[in-house]
$ cat run-v5.cif   # mmCIF, C-alpha atoms
data_model
#
loop_
_atom_site.group_PDB
_atom_site.id
_atom_site.type_symbol
_atom_site.label_atom_id
_atom_site.label_comp_id
_atom_site.auth_asym_id
_atom_site.auth_seq_id
_atom_site.Cartn_x
_atom_site.Cartn_y
_atom_site.Cartn_z
ATOM 1 C CA MET A 136 -21.765 -3.831 -25.894
ATOM 2 C CA SER A 137 -18.948 -3.872 -28.430
ATOM 3 C CA ARG A 138 -17.298 -0.560 -29.151
ATOM 4 C CA PHE A 139 -16.560 -1.753 -32.675
ATOM 5 C CA ALA A 140 -19.113 -1.085 -35.385
ATOM 6 C CA PRO A 141 -20.020 -3.970 -37.719
ATOM 7 C CA LEU A 142 -18.060 -4.527 -40.930
ATOM 8 C CA PRO A 143 -20.581 -5.113 -43.716
ATOM 9 C CA ASP A 144 -19.224 -5.678 -47.217
ATOM 10 C CA PRO A 145 -17.998 -2.406 -48.761
ATOM 11 C CA PRO A 146 -18.898 -0.044 -50.226
ATOM 12 C CA TYR A 147 -20.770 1.721 -47.451
ATOM 13 C CA HIS A 148 -20.495 5.199 -45.961
ATOM 14 C CA ALA A 149 -18.995 6.892 -42.925
ATOM 15 C CA VAL A 150 -19.561 10.271 -41.319
ATOM 16 C CA ILE A 151 -16.413 11.327 -39.461
ATOM 17 C CA PHE A 152 -17.146 14.028 -36.889
ATOM 18 C CA SER A 153 -14.213 15.537 -34.960
ATOM 19 C CA SER A 154 -15.037 18.187 -32.411
ATOM 20 C CA GLN A 155 -13.722 20.359 -29.637
ATOM 21 C CA LEU A 156 -16.184 21.342 -26.949
ATOM 22 C CA GLY A 157 -16.012 24.762 -25.394
ATOM 23 C CA PRO A 158 -15.983 25.481 -21.677
ATOM 24 C CA ASP A 159 -19.784 25.505 -21.306
ATOM 25 C CA GLN A 160 -20.799 21.872 -21.712
ATOM 26 C CA ALA A 161 -24.074 22.062 -19.805
ATOM 27 C CA GLY A 162 -26.603 19.791 -21.464
ATOM 28 C CA TYR A 163 -24.125 18.402 -23.945
ATOM 29 C CA GLY A 164 -24.173 14.852 -22.607
ATOM 30 C CA GLU A 165 -27.946 14.545 -22.902
ATOM 31 C CA MET A 166 -27.781 15.977 -26.422
ATOM 32 C CA ALA A 167 -25.081 13.507 -27.465
ATOM 33 C CA ASP A 168 -27.083 10.596 -26.041
ATOM 34 C CA LEU A 169 -30.180 11.773 -27.871
ATOM 35 C CA LEU A 170 -28.268 12.067 -31.141
ATOM 36 C CA ALA A 171 -26.830 8.572 -30.715
ATOM 37 C CA ASP A 172 -30.294 7.132 -30.012
ATOM 38 C CA LEU A 173 -31.768 8.907 -33.031
ATOM 39 C CA ALA A 174 -28.936 7.731 -35.281
ATOM 40 C CA ALA A 175 -29.471 4.116 -34.267
ATOM 41 C CA LYS A 176 -33.141 4.368 -35.288
ATOM 42 C CA GLN A 177 -32.427 5.849 -38.721
ATOM 43 C CA PRO A 178 -32.858 3.741 -41.871
ATOM 44 C CA GLY A 179 -29.509 2.477 -43.109
ATOM 45 C CA TYR A 180 -27.675 2.868 -39.802
ATOM 46 C CA ILE A 181 -24.847 0.344 -39.397
ATOM 47 C CA GLY A 182 -23.144 1.433 -36.190
ATOM 48 C CA ALA A 183 -20.924 4.054 -34.592
ATOM 49 C CA GLU A 184 -17.600 4.401 -32.811
ATOM 50 C CA SER A 185 -17.058 7.283 -30.450
ATOM 51 C CA LEU A 186 -14.581 8.744 -27.973
ATOM 52 C CA ARG A 187 -14.162 12.011 -26.102
ATOM 53 C CA ASP A 188 -11.288 12.940 -23.810
ATOM 54 C CA SER A 189 -11.148 15.023 -20.654
ATOM 55 C CA HIS A 190 -10.171 18.112 -22.697
ATOM 56 C CA GLY A 191 -13.446 17.949 -24.592
ATOM 57 C CA TYR A 192 -11.906 16.740 -27.836
ATOM 58 C CA GLY A 193 -13.881 13.951 -29.463
ATOM 59 C CA ILE A 194 -14.198 11.764 -32.528
ATOM 60 C CA THR A 195 -17.449 10.078 -33.565
ATOM 61 C CA ILE A 196 -17.691 7.955 -36.680
ATOM 62 C CA SER A 197 -21.106 6.724 -37.760
ATOM 63 C CA TYR A 198 -21.492 4.167 -40.528
ATOM 64 C CA TRP A 199 -24.314 4.116 -43.056
ATOM 65 C CA ARG A 200 -25.566 1.749 -45.708
ATOM 66 C CA ASP A 201 -25.643 4.242 -48.583
ATOM 67 C CA ALA A 202 -25.655 7.912 -49.558
ATOM 68 C CA GLU A 203 -29.404 8.140 -49.006
ATOM 69 C CA ALA A 204 -28.992 7.011 -45.395
ATOM 70 C CA VAL A 205 -26.314 9.693 -44.874
ATOM 71 C CA ARG A 206 -28.651 12.333 -46.301
ATOM 72 C CA GLY A 207 -31.471 11.195 -44.060
ATOM 73 C CA TRP A 208 -29.250 11.361 -41.018
ATOM 74 C CA LYS A 209 -27.963 14.786 -41.981
ATOM 75 C CA GLN A 210 -31.508 16.083 -42.201
ATOM 76 C CA VAL A 211 -32.481 14.714 -38.794
ATOM 77 C CA SER A 212 -29.272 15.713 -37.002
ATOM 78 C CA THR A 213 -29.061 19.169 -38.564
ATOM 79 C CA HIS A 214 -32.637 19.837 -37.554
ATOM 80 C CA LEU A 215 -32.018 18.765 -33.981
ATOM 81 C CA MET A 216 -28.718 20.636 -33.724
ATOM 82 C CA ALA A 217 -30.287 23.775 -35.164
ATOM 83 C CA GLN A 218 -32.953 23.620 -32.484
ATOM 84 C CA LYS A 219 -30.425 23.227 -29.698
ATOM 85 C CA LEU A 220 -27.189 24.778 -30.884
ATOM 86 C CA GLY A 221 -28.641 28.262 -31.159
ATOM 87 C CA LYS A 222 -29.065 28.175 -27.429
ATOM 88 C CA THR A 223 -25.951 26.548 -26.238
ATOM 89 C CA ARG A 224 -23.069 26.607 -28.731
ATOM 90 C CA TRP A 225 -21.272 23.643 -27.295
ATOM 91 C CA TYR A 226 -18.651 23.386 -29.994
ATOM 92 C CA ASP A 227 -15.587 25.563 -30.247
ATOM 93 C CA HIS A 228 -14.796 23.828 -33.506
ATOM 94 C CA TYR A 229 -15.768 20.792 -35.498
ATOM 95 C CA THR A 230 -15.070 19.123 -38.812
ATOM 96 C CA LEU A 231 -17.397 16.706 -40.560
ATOM 97 C CA ARG A 232 -16.285 14.472 -43.410
ATOM 98 C CA VAL A 233 -18.464 12.135 -45.452
ATOM 99 C CA ALA A 234 -16.544 9.163 -46.797
ATOM 100 C CA CYS A 235 -17.089 5.965 -48.721
ATOM 101 C CA ILE A 236 -15.524 2.850 -47.185
ATOM 102 C CA GLU A 237 -13.689 0.980 -49.925
ATOM 103 C CA ARG A 238 -12.026 -1.904 -48.104
ATOM 104 C CA GLN A 239 -11.365 -3.110 -44.580
ATOM 105 C CA TYR A 240 -9.956 -5.810 -42.411
ATOM 106 C CA GLU A 241 -9.818 -6.732 -38.763
ATOM 107 C CA GLY A 242 -7.327 -8.405 -36.534
ATOM 108 C CA PRO A 243 -5.167 -9.504 -34.969
ATOM 109 C CA ASP A 244 -5.107 -12.775 -36.851
ATOM 110 C CA GLY A 245 -6.249 -15.763 -34.906
ATOM 111 C CA ARG A 246 -8.239 -13.946 -32.260
ATOM 112 C CA MET B 84 -0.773 21.984 -32.193
ATOM 113 C CA SER B 85 -4.268 21.600 -33.571
ATOM 114 C CA ARG B 86 -5.926 18.264 -33.033
ATOM 115 C CA PHE B 87 -7.842 18.774 -36.264
ATOM 116 C CA ALA B 88 -6.303 17.495 -39.478
ATOM 117 C CA PRO B 89 -6.323 19.828 -42.504
ATOM 118 C CA LEU B 90 -9.252 19.823 -44.929
ATOM 119 C CA PRO B 91 -7.811 19.776 -48.450
ATOM 120 C CA ASP B 92 -10.257 19.678 -51.349
ATOM 121 C CA PRO B 93 -11.826 16.216 -51.726
ATOM 122 C CA PRO B 94 -11.391 13.581 -52.902
ATOM 123 C CA TYR B 95 -8.641 12.327 -50.615
ATOM 124 C CA HIS B 96 -8.297 9.219 -48.473
ATOM 125 C CA ALA B 97 -8.650 8.206 -44.840
ATOM 126 C CA VAL B 98 -7.469 5.183 -42.884
ATOM 127 C CA ILE B 99 -9.777 4.615 -39.914
ATOM 128 C CA PHE B 100 -8.151 2.459 -37.266
ATOM 129 C CA SER B 101 -10.217 1.450 -34.211
ATOM 130 C CA SER B 102 -8.502 -0.683 -31.618
ATOM 131 C CA GLN B 103 -8.760 -2.220 -28.193
ATOM 132 C CA LEU B 104 -5.496 -2.734 -26.335
ATOM 133 C CA GLY B 105 -5.051 -5.789 -24.179
ATOM 134 C CA PRO B 106 -3.817 -5.770 -20.580
ATOM 135 C CA ASP B 107 -0.109 -5.838 -21.510
ATOM 136 C CA GLN B 108 0.599 -2.378 -22.919
ATOM 137 C CA ALA B 109 4.326 -2.303 -22.211
ATOM 138 C CA GLY B 110 6.074 -0.476 -25.012
ATOM 139 C CA TYR B 111 2.872 0.473 -26.757
ATOM 140 C CA GLY B 112 3.239 4.215 -26.218
ATOM 141 C CA GLU B 113 6.694 4.325 -27.821
ATOM 142 C CA MET B 114 5.424 2.250 -30.718
ATOM 143 C CA ALA B 115 2.431 4.544 -31.263
ATOM 144 C CA ASP B 116 4.693 7.614 -31.199
ATOM 145 C CA LEU B 117 7.055 6.001 -33.685
ATOM 146 C CA LEU B 118 4.173 5.133 -36.001
ATOM 147 C CA ALA B 119 2.849 8.689 -35.817
ATOM 148 C CA ASP B 120 6.298 10.116 -36.618
ATOM 149 C CA LEU B 121 6.745 7.735 -39.530
ATOM 150 C CA ALA B 122 3.300 8.544 -40.901
ATOM 151 C CA ALA B 123 4.013 12.270 -40.857
ATOM 152 C CA LYS B 124 7.127 11.703 -42.976
ATOM 153 C CA GLN B 125 5.369 9.596 -45.608
ATOM 154 C CA PRO B 126 4.659 11.022 -49.076
ATOM 155 C CA GLY B 127 1.051 12.139 -49.355
ATOM 156 C CA TYR B 128 0.445 12.463 -45.610
ATOM 157 C CA ILE B 129 -2.182 15.118 -44.797
ATOM 158 C CA GLY B 130 -2.691 14.729 -41.060
ATOM 159 C CA ALA B 131 -4.167 12.545 -38.337
ATOM 160 C CA GLU B 132 -6.691 12.677 -35.527
ATOM 161 C CA SER B 133 -6.321 10.329 -32.606
ATOM 162 C CA LEU B 134 -7.791 9.460 -29.225
ATOM 163 C CA ARG B 135 -7.453 6.633 -26.713
ATOM 164 C CA ASP B 136 -9.360 6.273 -23.470
ATOM 165 C CA SER B 137 -8.368 4.855 -20.094
ATOM 166 C CA HIS B 138 -9.870 1.470 -21.039
ATOM 167 C CA GLY B 139 -7.412 1.139 -23.911
ATOM 168 C CA TYR B 140 -9.996 1.739 -26.636
ATOM 169 C CA GLY B 141 -8.773 4.084 -29.340
ATOM 170 C CA ILE B 142 -9.569 5.626 -32.698
ATOM 171 C CA THR B 143 -6.899 6.958 -35.059
ATOM 172 C CA ILE B 144 -7.773 8.427 -38.430
ATOM 173 C CA SER B 145 -4.950 9.302 -40.801
ATOM 174 C CA TYR B 146 -5.591 11.268 -43.986
ATOM 175 C CA TRP B 147 -3.773 10.722 -47.274
ATOM 176 C CA ARG B 148 -3.567 12.474 -50.595
ATOM 177 C CA ASP B 149 -4.352 9.465 -52.780
ATOM 178 C CA ALA B 150 -4.540 5.678 -52.969
ATOM 179 C CA GLU B 151 -0.818 5.431 -53.644
ATOM 180 C CA ALA B 152 -0.045 7.266 -50.397
ATOM 181 C CA VAL B 153 -2.296 4.836 -48.506
ATOM 182 C CA ARG B 154 -0.498 1.880 -50.080
ATOM 183 C CA GLY B 155 2.889 3.341 -49.173
ATOM 184 C CA TRP B 156 1.805 3.861 -45.595
ATOM 185 C CA LYS B 157 0.358 0.366 -45.382
ATOM 186 C CA GLN B 158 3.682 -1.072 -46.507
ATOM 187 C CA VAL B 159 5.692 0.913 -43.948
ATOM 188 C CA SER B 160 3.309 0.386 -41.040
ATOM 189 C CA THR B 161 2.694 -3.304 -41.747
ATOM 190 C CA HIS B 162 6.422 -3.891 -41.855
ATOM 191 C CA LEU B 163 6.985 -2.127 -38.554
ATOM 192 C CA MET B 164 4.017 -3.786 -36.879
ATOM 193 C CA ALA B 165 5.118 -7.199 -38.120
ATOM 194 C CA GLN B 166 8.511 -6.629 -36.536
ATOM 195 C CA LYS B 167 7.012 -5.616 -33.221
ATOM 196 C CA LEU B 168 3.635 -7.292 -32.958
ATOM 197 C CA GLY B 169 5.031 -10.796 -33.021
ATOM 198 C CA LYS B 170 6.668 -10.006 -29.729
ATOM 199 C CA THR B 171 4.079 -8.055 -27.913
ATOM 200 C CA ARG B 172 0.558 -8.487 -29.222
ATOM 201 C CA TRP B 173 -0.741 -5.222 -27.884
ATOM 202 C CA TYR B 174 -4.118 -5.421 -29.556
ATOM 203 C CA ASP B 175 -7.026 -7.500 -28.346
ATOM 204 C CA HIS B 176 -8.901 -6.419 -31.438
ATOM 205 C CA TYR B 177 -8.758 -3.855 -34.201
ATOM 206 C CA THR B 178 -10.570 -2.847 -37.343
ATOM 207 C CA LEU B 179 -9.046 -0.903 -40.205
ATOM 208 C CA ARG B 180 -11.107 0.767 -42.899
ATOM 209 C CA VAL B 181 -9.803 2.577 -45.969
ATOM 210 C CA ALA B 182 -12.157 5.284 -47.156
ATOM 211 C CA CYS B 183 -12.388 8.031 -49.732
ATOM 212 C CA ILE B 184 -13.457 11.439 -48.412
ATOM 213 C CA GLU B 185 -16.172 12.795 -50.697
ATOM 214 C CA ARG B 186 -17.233 16.029 -49.040
ATOM 215 C CA GLN B 187 -16.738 17.919 -45.811
ATOM 216 C CA TYR B 188 -17.442 21.035 -43.849
ATOM 217 C CA GLU B 189 -16.404 22.663 -40.620
ATOM 218 C CA GLY B 190 -18.070 24.830 -38.051
ATOM 219 C CA PRO B 191 -19.598 26.308 -36.119
ATOM 220 C CA ASP B 192 -20.378 29.163 -38.492
ATOM 221 C CA GLY B 193 -18.766 32.427 -37.662
ATOM 222 C CA ARG B 194 -15.897 31.116 -35.570
#
$ encode --input "run-v5.cif" --output "structure tokens"
Amino acid sequence: MSRFAPLPDPPYHAVIFSSQLGPDQAGYGEMADLLADLAAKQPGYIGAESLRDSHGYGITISYWRDAEAVRGWKQVSTHLMAQKLGKTRWYDHYTLRVACIERQYEGPDGR
Amino acid sequence: MSRFAPLPDPPYHAVIFSSQLGPDQAGYGEMADLLADLAAKQPGYIGAESLRDSHGYGITISYWRDAEAVRGWKQVSTHLMAQKLGKTRWYDHYTLRVACIERQYEGPDGR
């Protein structure tokens, strides 16, 4: 499976989630898998790109067709996180940015 | 040093660069460091968040004050990459998206 999300014609939206996990990561992996599965089933989902290093720092970018799709995803993910995060508090810190993709390209040329 | 870029008031811009390195990564680390140093000295630079895994897949997001700052950075980085990439061809594949950050938040609450 490609680790690159598709490149539909702009404009479309991105949710950029940067996070630092705390020392207690029990259950986090299952939660992240569940979130990724749920995202992929949401209306307007385009794709996602994700990485986490051995220090627990991670970046996940999910791409969405329009603002309505971002709102729908926020509702679903916030609900799920609220259910789970109260118990476990995986994140030491996170930032979430909602962005509109304006232009793009891919490379390198000729490959 | 924090791995989280600052969160100035939106709107501001992001350059999302996802890439897969090929097998020959000689010199890539120095190049990436040089690019990061150059970026930080550019007018309108806000910050960057970056990760690469052991398979050579990476995500780097740089944040910029406005469209002019993005253009300036594109000029500098394209020039440098053109000088170097012709020789070494580090990337098997990459995608680059230019986005406008519309809103944001950070968490978790109370930390």
$ closest_residue --input "run-v5.cif" --among "A:Gly157, A:Gly207, A:Gly193, A:Pro178" --to "Trp225 of chain A" --atoms "only C-alpha atoms"
A:Gly157
$ resolve_selection --input "run-v5.cif" --expression "the PyMOL selection byres ((chain A) within 9 of (chain B))" --output "ChimeraX atom specification"
/A:138-140,142,148-149,153-155,184-188,192-194,224,226-243,246
$ closest_residue --input "run-v5.cif" --among "A:Leu156, A:Ala174, A:Leu215, A:Met166" --to "Gly191 of chain A" --atoms "only C-alpha atoms"
A:Leu156
$ atom_distance --input "run-v5.cif" --atom1 "atom CA of Glu151 of chain B" --atom2 "atom CA of Ser85 of chain B"
26.0 Å
$ atom_distance --input "run-v5.cif" --atom1 "atom CA of Tyr163 of chain A" --atom2 "atom CA of Ser145 of chain B"
27.1 Å
$ atom_distance --input "run-v5.cif" --atom1 "atom CA of Asp107 of chain B" --atom2 "atom CA of Asp120 of chain B"
22.9 Å
$ resolve_selection --input "run-v5.cif" --expression "the PyMOL selection byres ((chain A and resi 170) around 12)" --output "list in words"
Tyr163, Gly164, Glu165, Met166, Ala167, Asp168, Leu169, Ala171, Asp172, Leu173, Ala174, Ala175, Lys176, Gln177, Ala183, Thr195, Ser197, Trp208, Lys209, Val211, Ser212, Thr213, His214, Leu215, Met216 and Lys219 of chain A
$ write_last_selection --input "run-v5.cif" --atoms "C-alpha atoms" --output "compact mmCIF listing (two decimals), in the coordinates of the input"
# COMPACT_ATOMS: atom_id res chain seq x y z
CA TYR A 163 -24.12 18.40 -23.94
CA GLY A 164 -24.17 14.85 -22.61
CA GLU A 165 -27.95 14.54 -22.90
CA MET A 166 -27.78 15.98 -26.42
CA ALA A 167 -25.08 13.51 -27.46
CA ASP A 168 -27.08 10.60 -26.04
CA LEU A 169 -30.18 11.77 -27.87
CA ALA A 171 -26.83 8.57 -30.72
CA ASP A 172 -30.29 7.13 -30.01
CA LEU A 173 -31.77 8.91 -33.03
CA ALA A 174 -28.94 7.73 -35.28
CA ALA A 175 -29.47 4.12 -34.27
CA LYS A 176 -33.14 4.37 -35.29
CA GLN A 177 -32.43 5.85 -38.72
CA ALA A 183 -20.92 4.05 -34.59
CA THR A 195 -17.45 10.08 -33.56
CA SER A 197 -21.11 6.72 -37.76
CA TRP A 208 -29.25 11.36 -41.02
CA LYS A 209 -27.96 14.79 -41.98
CA VAL A 211 -32.48 14.71 -38.79
CA SER A 212 -29.27 15.71 -37.00
CA THR A 213 -29.06 19.17 -38.56
CA HIS A 214 -32.64 19.84 -37.55
CA LEU A 215 -32.02 18.76 -33.98
CA MET A 216 -28.72 20.64 -33.72
CA LYS A 219 -30.42 23.23 -29.70
$ axis_aligned_box --input "run-v5.cif" --around "segment 147-151 of chain A" --padding-each-side "5 Å" --output "AutoDock Vina command-line options"
--center_x -18.6 --center_y 6.5 --center_z -43.5 --size_x 14.4 --size_y 19.6 --size_z 18.0
